[in-house]
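What follows is a short report on a single structure.
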Amino acid sequence: MASLPVAVIGAGPTGLMCAVILAELNVPVEIYERNVGPNTEWRAPGIHARTMEMLARYGLADAVLAAGETVFGMVARLNGRLHEGPSLCHMRSEFPMLVSCAQTDTEQILRDRLAKLGVRIHWGLEFVDYAYEASGITAYFCHTATDSDGQARATTRATDKELLAHQCAYLIGCDGGRSRVRKTIGAVFEGKTLDASIAVCDVHMQVSRLPTACFTLHPDGQLITFRVRLNEYRAFVMWTDDPPEMTPEVLAETIRKRMQPEDVGSLQVQSCSQFTINERRASRFISDDKHVFLCGDAAHVHSPAGGQGMNMSMQDAENLAWKLAMVYHGRANADVLDTYAIERIPVADRTIRLSGALF
Ligand SMILES: Cc1cc2nc3c(=O)[nH]c(=O)nc-3n(C[C@H](O)[C@H](O)[C@H](O)COP(=O)(O)OP(=O)(O)OC[C@H]3O[C@@H](n4cnc5c(N)ncnc54)[C@H](O)[C@@H]3O)c2cc1C
């Protein structure tokens, strides 16, 4: 069984980080991703100090710094005037900052490293189920294709005969908030859906006096902007009252209004999605057979306030990956794997509480 690879389900930041660490620690690893190609949404823009320290341990921090913009403190904007918030410079870290980097860039950096390490990503394979035996795990997949809207869909509503079977030693579910792996280990996604929604959009605007990370306070609701590249922003739009229908036109007008008196040039909303905020945590992170694990959004989801989602997810990956590598190579007892859940469940619970309070 020791020569079988570890199967990572999902090529988001959690799965990619997990695979990088396992491969760096000489564990054979393969990634299975239902999408037929990389994610194109910017999603999480903020990389925190502890995540930067982790990336530095694997020689990846410089690439992220080069791709992103550094932020040493948030700035609040009220009636067009800027007010400096607390500085991050006091943090005891080699990286006392927030790095504003598009999630697509972070993922590309991780994929580049995986390519160098010779790790294969099986694009277009959707995990369906698994069976555990003492000799290893058989994971079952079906093929997917992409609809015209770019969403993955199963090409077959696979019958048992059509499923592809792949053998692996362990399986790590990094398959996001709607995790299939979570269902297969019988975990319940406990928590609630909040009666609030946020629009998250990628915006092109030319504005001369906007700090990299900025909270704009407005009577209609907050606008939080992160510059990820020149004239390219990730914007979070909130409403104090019921939100309007969130079309790109409505969002462009809303952002333009809240940015006044700044002239934002020919503002374009390039993509937008509406977040319904869920605060949920899987009832267990490890299967009964102790060979299947949940990491990242598969294990917990919460409000984006505080920008913890991707950071906590990638830190889950490190907590699990080094322990799994020790067990895989026979250098630690399998009991050490229990500490993954013991350590990460309280972190998830704290983050869900904190980000909920910030929202
Ligand atoms: C629109 C949007 C905006 C966001 N903005 C922010 C933000 O600004 N700040 C922040 O902190 N967080 C944000 N988040 C959350 C953040 O992106 C996540 O916390 C982070 O992506 C978690 O990474 P992950 O790898 O665990 O999950 P994901 O990024 O969701 O990746 C999971 C991967 O698994 C794949 N997958 C799913 N099911 C299967 C299956 N059965 N078989 C194979 N593959 C499968 C998916 O296709 C996907 O590629 C946002 C999320 C979304 C959707």
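All residue names refer to the structure tokens as shown: chains lettered A, B, ... in order, residues numbered from 1 in each chain, ligands numbered from 1 in order.
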Expected selection as a PyMOL selection string for ligand 1 within 6 Å, only C-alpha atoms and all ligand atoms: chain A and resi 9-15+32-35+43-45+125-128+174-176+179-180+273+296-298+304+307-310+313
Residues of range 259-346 of chain A in strand (DSSP E), written as a list of chain:residue names: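 Filtering range 259-346 of chain A down to strand (DSSP E) leaves A:Gln268, A:Val269, A:Gln270, A:Ser271, A:Cys272, A:Ser273, A:Gln274, A:Phe275, A:Thr276, A:Ile277, A:Asn278, A:Glu279, A:Arg280, A:Arg281, A:Ala282, A:Val292, A:Phe293, A:Leu294, A:His300, A:Val301.
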Residues within 10 Å of Arg120 in chain A, only C-alpha atoms, excluding chain neighbours under 6 positions, as JSON, numbers by chain: {"A": [19, 28, 29, 30, 31, 32, 111, 114]}
Alpha helix (DSSP H) positions in range 9-68 of chain A, given as JSON, numbers by chain: {"A": [13, 14, 15, 16, 17, 18, 19, 20, 21, 22, 23, 24, 49, 50, 51, 52, 53, 54, 55, 56, 57, 61, 62, 63, 64, 65, 66, 67]}
Who sits within 8 Å of range 84-87 of chain A, only C-alpha atoms, same chain under 6 positions skipped, as a list in words: Phe72, Gly73, Met74, Val75 and Ala76 of chain A
Could you write out that same residue set with C-alpha atoms as a compact mmCIF listing (two decimals), in the first residue's frame?
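As written to disk, again23.txt reads:
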# COMPACT_ATOMS: atom_id res chain seq x y z
CA PHE A 72 0.71 47.29 5.42
CA GLY A 73 -2.61 48.48 6.77
CA MET A 74 -6.21 48.99 5.76
CA VAL A 75 -7.43 52.50 4.99
CA ALA A 76 -10.98 53.71 5.60
7 Å contact set for range 202-211 of chain A, only C-alpha atoms, chain neighbours under 3 positions out, as a list in words: Val75, Cys214, Asn231, Glu232, Tyr233, Arg234, Ala235, Glu262, Asp263, Val264, Gly265, Ser266, Leu267, Gln268, Val269, Gln270, Ser271 and Cys272 of chain A
Since we have the selection now, will you write its residues out, keeping all heavy atoms, as a compact mmCIF listing (two decimals), in the first residue's frame?
# COMPACT_ATOMS: atom_id res chain seq x y z
N VAL A 75 -7.10 51.07 4.94
CA VAL A 75 -7.43 52.50 4.99
C VAL A 75 -8.95 52.61 4.87
O VAL A 75 -9.56 51.90 4.06
CB VAL A 75 -6.74 53.25 3.83
CG1 VAL A 75 -7.15 54.71 3.81
CG2 VAL A 75 -5.22 53.12 3.94
N CYS A 214 -8.89 49.08 0.83
CA CYS A 214 -9.65 50.24 1.32
C CYS A 214 -11.10 49.88 1.65
O CYS A 214 -11.76 49.18 0.88
CB CYS A 214 -9.61 51.31 0.23
SG CYS A 214 -10.30 52.87 0.75
N ASN A 231 -5.02 49.09 -12.01
CA ASN A 231 -6.40 49.39 -12.43
C ASN A 231 -7.37 48.21 -12.32
O ASN A 231 -8.48 48.27 -12.85
CB ASN A 231 -6.45 49.92 -13.88
CG ASN A 231 -5.70 51.22 -14.02
OD1 ASN A 231 -5.58 51.97 -13.05
ND2 ASN A 231 -5.18 51.50 -15.21
N GLU A 232 -6.94 47.12 -11.67
CA GLU A 232 -7.82 45.96 -11.52
C GLU A 232 -8.09 45.76 -10.02
O GLU A 232 -7.15 45.66 -9.23
CB GLU A 232 -7.17 44.67 -12.05
CG GLU A 232 -6.63 44.76 -13.46
CD GLU A 232 -7.74 44.72 -14.52
OE1 GLU A 232 -8.89 44.45 -14.15
OE2 GLU A 232 -7.42 44.99 -15.69
N TYR A 233 -9.37 45.70 -9.67
CA TYR A 233 -9.75 45.61 -8.26
C TYR A 233 -10.69 44.44 -8.04
O TYR A 233 -11.50 44.11 -8.90
CB TYR A 233 -10.47 46.89 -7.81
CG TYR A 233 -9.56 48.09 -7.79
CD1 TYR A 233 -9.31 48.81 -8.96
CD2 TYR A 233 -8.94 48.49 -6.61
CE1 TYR A 233 -8.45 49.90 -8.96
CE2 TYR A 233 -8.09 49.59 -6.60
CZ TYR A 233 -7.85 50.29 -7.77
OH TYR A 233 -7.00 51.36 -7.77
N ARG A 234 -10.57 43.86 -6.86
CA ARG A 234 -11.59 42.94 -6.37
C ARG A 234 -12.45 43.75 -5.40
O ARG A 234 -11.92 44.37 -4.47
CB ARG A 234 -10.89 41.78 -5.67
CG ARG A 234 -11.63 41.14 -4.58
CD ARG A 234 -12.43 39.99 -4.82
NE ARG A 234 -12.76 39.54 -6.11
CZ ARG A 234 -13.18 38.31 -6.31
NH1 ARG A 234 -13.20 37.47 -5.32
NH2 ARG A 234 -13.56 37.93 -7.49
N ALA A 235 -13.74 43.83 -5.65
CA ALA A 235 -14.62 44.67 -4.82
C ALA A 235 -15.69 43.83 -4.13
O ALA A 235 -16.27 42.93 -4.75
CB ALA A 235 -15.30 45.72 -5.71
N GLU A 262 -14.40 60.58 -6.15
CA GLU A 262 -13.33 60.17 -7.07
C GLU A 262 -13.90 59.95 -8.47
O GLU A 262 -15.02 59.45 -8.62
CB GLU A 262 -12.69 58.85 -6.62
CG GLU A 262 -12.06 58.88 -5.25
CD GLU A 262 -10.90 59.85 -5.16
OE1 GLU A 262 -10.20 60.04 -6.18
OE2 GLU A 262 -10.71 60.44 -4.09
N ASP A 263 -13.10 60.29 -9.45
CA ASP A 263 -13.47 59.99 -10.84
C ASP A 263 -12.91 58.60 -11.15
O ASP A 263 -11.70 58.39 -11.05
CB ASP A 263 -12.86 61.05 -11.76
CG ASP A 263 -13.11 60.73 -13.22
OD1 ASP A 263 -13.88 59.79 -13.49
OD2 ASP A 263 -12.50 61.41 -14.08
N VAL A 264 -13.77 57.64 -11.46
CA VAL A 264 -13.30 56.26 -11.64
C VAL A 264 -13.09 55.90 -13.12
O VAL A 264 -12.89 54.74 -13.46
CB VAL A 264 -14.28 55.25 -10.99
CG1 VAL A 264 -14.25 55.38 -9.49
CG2 VAL A 264 -15.68 55.42 -11.53
N GLY A 265 -13.16 56.87 -14.00
CA GLY A 265 -12.93 56.60 -15.42
C GLY A 265 -14.03 55.70 -15.96
O GLY A 265 -15.15 55.67 -15.46
N SER A 266 -13.70 54.93 -16.99
CA SER A 266 -14.72 54.05 -17.59
C SER A 266 -14.76 52.74 -16.80
O SER A 266 -14.10 51.77 -17.16
CB SER A 266 -14.42 53.79 -19.05
OG SER A 266 -13.16 53.20 -19.14
N LEU A 267 -15.49 52.75 -15.71
CA LEU A 267 -15.54 51.59 -14.81
C LEU A 267 -16.22 50.40 -15.49
O LEU A 267 -17.29 50.55 -16.08
CB LEU A 267 -16.29 51.99 -13.54
CG LEU A 267 -16.40 50.98 -12.42
CD1 LEU A 267 -16.48 51.68 -11.08
CD2 LEU A 267 -17.61 50.07 -12.59
N GLN A 268 -15.57 49.24 -15.43
CA GLN A 268 -16.21 48.03 -15.99
C GLN A 268 -16.23 46.93 -14.94
O GLN A 268 -15.20 46.65 -14.32
CB GLN A 268 -15.42 47.50 -17.18
CG GLN A 268 -15.55 48.34 -18.42
CD GLN A 268 -14.34 48.18 -19.31
OE1 GLN A 268 -13.62 47.20 -19.22
NE2 GLN A 268 -14.12 49.16 -20.15
N VAL A 269 -17.40 46.32 -14.76
CA VAL A 269 -17.49 45.14 -13.89
C VAL A 269 -17.26 43.93 -14.78
O VAL A 269 -18.05 43.63 -15.67
CB VAL A 269 -18.87 45.08 -13.20
CG1 VAL A 269 -19.06 43.77 -12.47
CG2 VAL A 269 -19.01 46.25 -12.23
N GLN A 270 -16.11 43.27 -14.57
CA GLN A 270 -15.74 42.19 -15.50
C GLN A 270 -16.39 40.86 -15.15
O GLN A 270 -16.65 40.04 -16.01
CB GLN A 270 -14.21 42.07 -15.55
CG GLN A 270 -13.63 43.27 -16.27
CD GLN A 270 -12.18 43.51 -15.96
OE1 GLN A 270 -11.71 43.19 -14.87
NE2 GLN A 270 -11.46 44.07 -16.90
N SER A 271 -16.58 40.64 -13.86
CA SER A 271 -17.32 39.45 -13.46
C SER A 271 -17.90 39.74 -12.09
O SER A 271 -17.37 40.58 -11.36
CB SER A 271 -16.41 38.22 -13.40
OG SER A 271 -15.55 38.34 -12.30
N CYS A 272 -19.00 39.11 -11.79
CA CYS A 272 -19.56 39.31 -10.45
C CYS A 272 -20.28 38.05 -10.01
O CYS A 272 -20.77 37.28 -10.82
CB CYS A 272 -20.50 40.51 -10.42
SG CYS A 272 -21.89 40.41 -11.51
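CA of Glu162 in chain A to CA of Ser287 in chain A spans 25.8 Å [interatomic distance, one decimal].
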Test item: residues at most 10 Å from Leu171 in chain A, only C-alpha atoms, excluding those fewer than 3 positions along its chain, as number ranges by chain: A: 5-9, 29-31, 130, 136-139, 167-168, 174, 181, 290-294
Prev. selection, N, CA and C atoms, output as a PDB file, in the first residue's frame:
ATOM      1  N   PRO A   5      -0.302   6.141  -4.515  1.00  0.00           N
ATOM      2  CA  PRO A   5      -0.267   7.591  -4.270  1.00  0.00           C
ATOM      3  C   PRO A   5      -1.347   8.025  -3.280  1.00  0.00           C
ATOM      4  N   VAL A   6      -1.195   9.238  -2.799  1.00  0.00           N
ATOM      5  CA  VAL A   6      -2.282   9.904  -2.079  1.00  0.00           C
ATOM      6  C   VAL A   6      -3.120  10.614  -3.138  1.00  0.00           C
ATOM      7  N   ALA A   7      -4.436  10.451  -3.074  1.00  0.00           N
ATOM      8  CA  ALA A   7      -5.316  11.139  -4.033  1.00  0.00           C
ATOM      9  C   ALA A   7      -5.847  12.406  -3.383  1.00  0.00           C
ATOM     10  N   VAL A   8      -5.637  13.532  -4.051  1.00  0.00           N
ATOM     11  CA  VAL A   8      -6.184  14.805  -3.578  1.00  0.00           C
ATOM     12  C   VAL A   8      -7.349  15.148  -4.501  1.00  0.00           C
ATOM     13  N   ILE A   9      -8.523  15.361  -3.922  1.00  0.00           N
ATOM     14  CA  ILE A   9      -9.700  15.684  -4.736  1.00  0.00           C
ATOM     15  C   ILE A   9      -9.899  17.195  -4.711  1.00  0.00           C
ATOM     16  N   VAL A  29       1.744  11.700  -5.186  1.00  0.00           N
ATOM     17  CA  VAL A  29       0.420  12.319  -5.029  1.00  0.00           C
ATOM     18  C   VAL A  29      -0.168  12.616  -6.401  1.00  0.00           C
ATOM     19  N   GLU A  30      -1.477  12.450  -6.524  1.00  0.00           N
ATOM     20  CA  GLU A  30      -2.173  12.792  -7.767  1.00  0.00           C
ATOM     21  C   GLU A  30      -3.393  13.625  -7.415  1.00  0.00           C
ATOM     22  N   ILE A  31      -3.688  14.600  -8.265  1.00  0.00           N
ATOM     23  CA  ILE A  31      -4.841  15.477  -8.015  1.00  0.00           C
ATOM     24  C   ILE A  31      -5.931  15.145  -9.034  1.00  0.00           C
ATOM     25  N   TYR A 130     -15.934   6.175  -2.782  1.00  0.00           N
ATOM     26  CA  TYR A 130     -14.730   5.372  -2.554  1.00  0.00           C
ATOM     27  C   TYR A 130     -15.089   4.135  -1.748  1.00  0.00           C
ATOM     28  N   GLY A 136      -5.875  -0.790   0.639  1.00  0.00           N
ATOM     29  CA  GLY A 136      -5.882   0.570   0.082  1.00  0.00           C
ATOM     30  C   GLY A 136      -7.293   1.033  -0.243  1.00  0.00           C
ATOM     31  N   ILE A 137      -7.353   2.185  -0.884  1.00  0.00           N
ATOM     32  CA  ILE A 137      -8.650   2.789  -1.209  1.00  0.00           C
ATOM     33  C   ILE A 137      -8.877   2.687  -2.708  1.00  0.00           C
ATOM     34  N   THR A 138     -10.095   2.358  -3.093  1.00  0.00           N
ATOM     35  CA  THR A 138     -10.464   2.489  -4.498  1.00  0.00           C
ATOM     36  C   THR A 138     -11.366   3.713  -4.599  1.00  0.00           C
ATOM     37  N   ALA A 139     -10.904   4.703  -5.359  1.00  0.00           N
ATOM     38  CA  ALA A 139     -11.711   5.918  -5.544  1.00  0.00           C
ATOM     39  C   ALA A 139     -12.374   5.839  -6.914  1.00  0.00           C
ATOM     40  N   GLN A 167      -6.687   3.496  -7.649  1.00  0.00           N
ATOM     41  CA  GLN A 167      -6.241   3.046  -6.324  1.00  0.00           C
ATOM     42  C   GLN A 167      -5.404   4.139  -5.660  1.00  0.00           C
ATOM     43  N   CYS A 168      -5.567   4.267  -4.371  1.00  0.00           N
ATOM     44  CA  CYS A 168      -4.705   5.208  -3.637  1.00  0.00           C
ATOM     45  C   CYS A 168      -4.558   4.733  -2.193  1.00  0.00           C
ATOM     46  N   CYS A 174     -10.441  17.971  -0.878  1.00  0.00           N
ATOM     47  CA  CYS A 174     -10.254  19.437  -0.935  1.00  0.00           C
ATOM     48  C   CYS A 174     -11.230  19.942  -1.990  1.00  0.00           C
ATOM     49  N   VAL A 181     -16.776  14.418  -1.103  1.00  0.00           N
ATOM     50  CA  VAL A 181     -16.012  13.569  -0.172  1.00  0.00           C
ATOM     51  C   VAL A 181     -16.646  13.640   1.221  1.00  0.00           C
ATOM     52  N   LYS A 290     -10.089   6.176   8.904  1.00  0.00           N
ATOM     53  CA  LYS A 290      -8.895   7.024   9.126  1.00  0.00           C
ATOM     54  C   LYS A 290      -8.002   7.139   7.894  1.00  0.00           C
ATOM     55  N   HIS A 291      -8.597   6.972   6.722  1.00  0.00           N
ATOM     56  CA  HIS A 291      -7.817   7.109   5.488  1.00  0.00           C
ATOM     57  C   HIS A 291      -8.339   8.221   4.587  1.00  0.00           C
ATOM     58  N   VAL A 292      -9.418   8.866   5.002  1.00  0.00           N
ATOM     59  CA  VAL A 292      -9.997   9.937   4.181  1.00  0.00           C
ATOM     60  C   VAL A 292     -10.140  11.184   5.061  1.00  0.00           C
ATOM     61  N   PHE A 293      -9.736  12.337   4.503  1.00  0.00           N
ATOM     62  CA  PHE A 293      -9.673  13.575   5.290  1.00  0.00           C
ATOM     63  C   PHE A 293     -10.374  14.703   4.533  1.00  0.00           C
ATOM     64  N   LEU A 294     -10.861  15.666   5.289  1.00  0.00           N
ATOM     65  CA  LEU A 294     -11.435  16.875   4.678  1.00  0.00           C
ATOM     66  C   LEU A 294     -10.534  18.055   4.979  1.00  0.00           C
TER      67      LEU A 294
END
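The smallest atom-to-atom distance between Ile345 in chain A and any of A:Ile277, A:Met314, A:Ala299, A:Leu223, using only C-alpha atoms, is found for A:Ala299.
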Point-to-point distance from CA of Gly186 in chain A to CA of Ala134 in chain A, Å rounded to tenths: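 Spanning CA of Gly186 in chain A to CA of Ala134 in chain A is a straight-line distance of 19.6 Å.
Using only C-alpha atoms, the nearest neighbour of Glu318 in chain A within the list A:Glu133, A:Leu194, A:Ala49, A:Leu55 is A:Leu55.
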Shell around Asp338 in chain A at 10 Å using only C-alpha atoms, local window under 3 positions removed, as a list in words: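 Counting only the stated atoms, we get Phe285, Ile286, Lys290, Leu320, Lys323, Ala334, Asp335, Ala341, Ile342 and Glu343 of chain A.
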Export, as a PDB file, in the first residue's frame, the selected residues with all heavy atoms.
ATOM      1  N   PHE A 285     -13.673  15.597  10.475  1.00  0.00           N
ATOM      2  CA  PHE A 285     -12.703  15.905   9.416  1.00  0.00           C
ATOM      3  C   PHE A 285     -12.027  14.625   8.912  1.00  0.00           C
ATOM      4  O   PHE A 285     -11.273  14.665   7.944  1.00  0.00           O
ATOM      5  CB  PHE A 285     -11.615  16.859   9.932  1.00  0.00           C
ATOM      6  CG  PHE A 285     -12.049  18.311  10.094  1.00  0.00           C
ATOM      7  CD1 PHE A 285     -13.385  18.689  10.091  1.00  0.00           C
ATOM      8  CD2 PHE A 285     -11.095  19.318  10.245  1.00  0.00           C
ATOM      9  CE1 PHE A 285     -13.773  20.019  10.248  1.00  0.00           C
ATOM     10  CE2 PHE A 285     -11.464  20.654  10.394  1.00  0.00           C
ATOM     11  CZ  PHE A 285     -12.805  21.002  10.401  1.00  0.00           C
ATOM     12  N   ILE A 286     -12.249  13.509   9.617  1.00  0.00           N
ATOM     13  CA  ILE A 286     -11.554  12.253   9.295  1.00  0.00           C
ATOM     14  C   ILE A 286     -12.586  11.125   9.267  1.00  0.00           C
ATOM     15  O   ILE A 286     -13.478  11.071  10.127  1.00  0.00           O
ATOM     16  CB  ILE A 286     -10.472  11.938  10.361  1.00  0.00           C
ATOM     17  CG1 ILE A 286      -9.511  13.132  10.523  1.00  0.00           C
ATOM     18  CG2 ILE A 286      -9.695  10.671  10.001  1.00  0.00           C
ATOM     19  CD1 ILE A 286      -8.437  12.949  11.604  1.00  0.00           C
ATOM     20  N   LYS A 290     -10.089   6.176   8.904  1.00  0.00           N
ATOM     21  CA  LYS A 290      -8.895   7.024   9.126  1.00  0.00           C
ATOM     22  C   LYS A 290      -8.002   7.139   7.894  1.00  0.00           C
ATOM     23  O   LYS A 290      -6.798   7.373   8.009  1.00  0.00           O
ATOM     24  CB  LYS A 290      -8.078   6.514  10.316  1.00  0.00           C
ATOM     25  CG  LYS A 290      -8.873   6.538  11.603  1.00  0.00           C
ATOM     26  CD  LYS A 290      -8.002   6.571  12.816  1.00  0.00           C
ATOM     27  CE  LYS A 290      -8.877   6.707  14.038  1.00  0.00           C
ATOM     28  NZ  LYS A 290      -8.210   6.987  15.243  1.00  0.00           N
ATOM     29  N   LEU A 320      -2.169  18.881   7.872  1.00  0.00           N
ATOM     30  CA  LEU A 320      -2.395  17.470   7.543  1.00  0.00           C
ATOM     31  C   LEU A 320      -1.221  16.866   6.767  1.00  0.00           C
ATOM     32  O   LEU A 320      -0.786  15.745   7.053  1.00  0.00           O
ATOM     33  CB  LEU A 320      -3.685  17.339   6.713  1.00  0.00           C
ATOM     34  CG  LEU A 320      -3.994  15.933   6.206  1.00  0.00           C
ATOM     35  CD1 LEU A 320      -4.211  14.963   7.379  1.00  0.00           C
ATOM     36  CD2 LEU A 320      -5.236  15.937   5.303  1.00  0.00           C
ATOM     37  N   LYS A 323       2.001  15.527   8.538  1.00  0.00           N
ATOM     38  CA  LYS A 323       1.714  14.354   9.383  1.00  0.00           C
ATOM     39  C   LYS A 323       1.488  13.119   8.514  1.00  0.00           C
ATOM     40  O   LYS A 323       1.982  12.022   8.810  1.00  0.00           O
ATOM     41  CB  LYS A 323       0.466  14.622  10.239  1.00  0.00           C
ATOM     42  CG  LYS A 323       0.690  15.694  11.278  1.00  0.00           C
ATOM     43  CD  LYS A 323      -0.598  16.139  11.937  1.00  0.00           C
ATOM     44  CE  LYS A 323      -0.311  17.312  12.872  1.00  0.00           C
ATOM     45  NZ  LYS A 323      -1.527  17.966  13.331  1.00  0.00           N
ATOM     46  N   ALA A 334       0.103   6.058  13.096  1.00  0.00           N
ATOM     47  CA  ALA A 334      -1.081   6.649  12.443  1.00  0.00           C
ATOM     48  C   ALA A 334      -1.916   7.498  13.409  1.00  0.00           C
ATOM     49  O   ALA A 334      -2.692   8.357  12.970  1.00  0.00           O
ATOM     50  CB  ALA A 334      -1.934   5.548  11.831  1.00  0.00           C
ATOM     51  N   ASP A 335      -1.732   7.289  14.720  1.00  0.00           N
ATOM     52  CA  ASP A 335      -2.507   8.088  15.685  1.00  0.00           C
ATOM     53  C   ASP A 335      -2.246   9.589  15.543  1.00  0.00           C
ATOM     54  O   ASP A 335      -3.080  10.411  15.922  1.00  0.00           O
ATOM     55  CB  ASP A 335      -2.154   7.686  17.128  1.00  0.00           C
ATOM     56  CG  ASP A 335      -2.704   6.313  17.463  1.00  0.00           C
ATOM     57  OD1 ASP A 335      -3.535   5.811  16.673  1.00  0.00           O
ATOM     58  OD2 ASP A 335      -2.285   5.754  18.488  1.00  0.00           O
ATOM     59  N   ALA A 341      -7.576  16.723  13.192  1.00  0.00           N
ATOM     60  CA  ALA A 341      -8.920  17.205  13.561  1.00  0.00           C
ATOM     61  C   ALA A 341      -8.890  17.908  14.917  1.00  0.00           C
ATOM     62  O   ALA A 341      -9.528  18.954  15.098  1.00  0.00           O
ATOM     63  CB  ALA A 341      -9.897  16.038  13.589  1.00  0.00           C
ATOM     64  N   ILE A 342      -8.119  17.357  15.850  1.00  0.00           N
ATOM     65  CA  ILE A 342      -8.076  17.956  17.201  1.00  0.00           C
ATOM     66  C   ILE A 342      -7.583  19.402  17.120  1.00  0.00           C
ATOM     67  O   ILE A 342      -8.090  20.289  17.801  1.00  0.00           O
ATOM     68  CB  ILE A 342      -7.163  17.105  18.128  1.00  0.00           C
ATOM     69  CG1 ILE A 342      -7.807  15.741  18.384  1.00  0.00           C
ATOM     70  CG2 ILE A 342      -6.864  17.826  19.438  1.00  0.00           C
ATOM     71  CD1 ILE A 342      -6.880  14.728  19.051  1.00  0.00           C
ATOM     72  N   GLU A 343      -6.610  19.638  16.248  1.00  0.00           N
ATOM     73  CA  GLU A 343      -6.050  20.996  16.156  1.00  0.00           C
ATOM     74  C   GLU A 343      -6.866  21.915  15.254  1.00  0.00           C
ATOM     75  O   GLU A 343      -7.002  23.105  15.531  1.00  0.00           O
ATOM     76  CB  GLU A 343      -4.607  20.919  15.642  1.00  0.00           C
ATOM     77  CG  GLU A 343      -3.668  20.322  16.663  1.00  0.00           C
ATOM     78  CD  GLU A 343      -2.284  19.994  16.126  1.00  0.00           C
ATOM     79  OE1 GLU A 343      -1.988  20.317  14.952  1.00  0.00           O
ATOM     80  OE2 GLU A 343      -1.512  19.394  16.878  1.00  0.00           O
TER      81      GLU A 343
END
For CA of Gln260 in chain A and CA of Ala213 in chain A, the interatomic separation in Å (one decimal): 17.0 Å
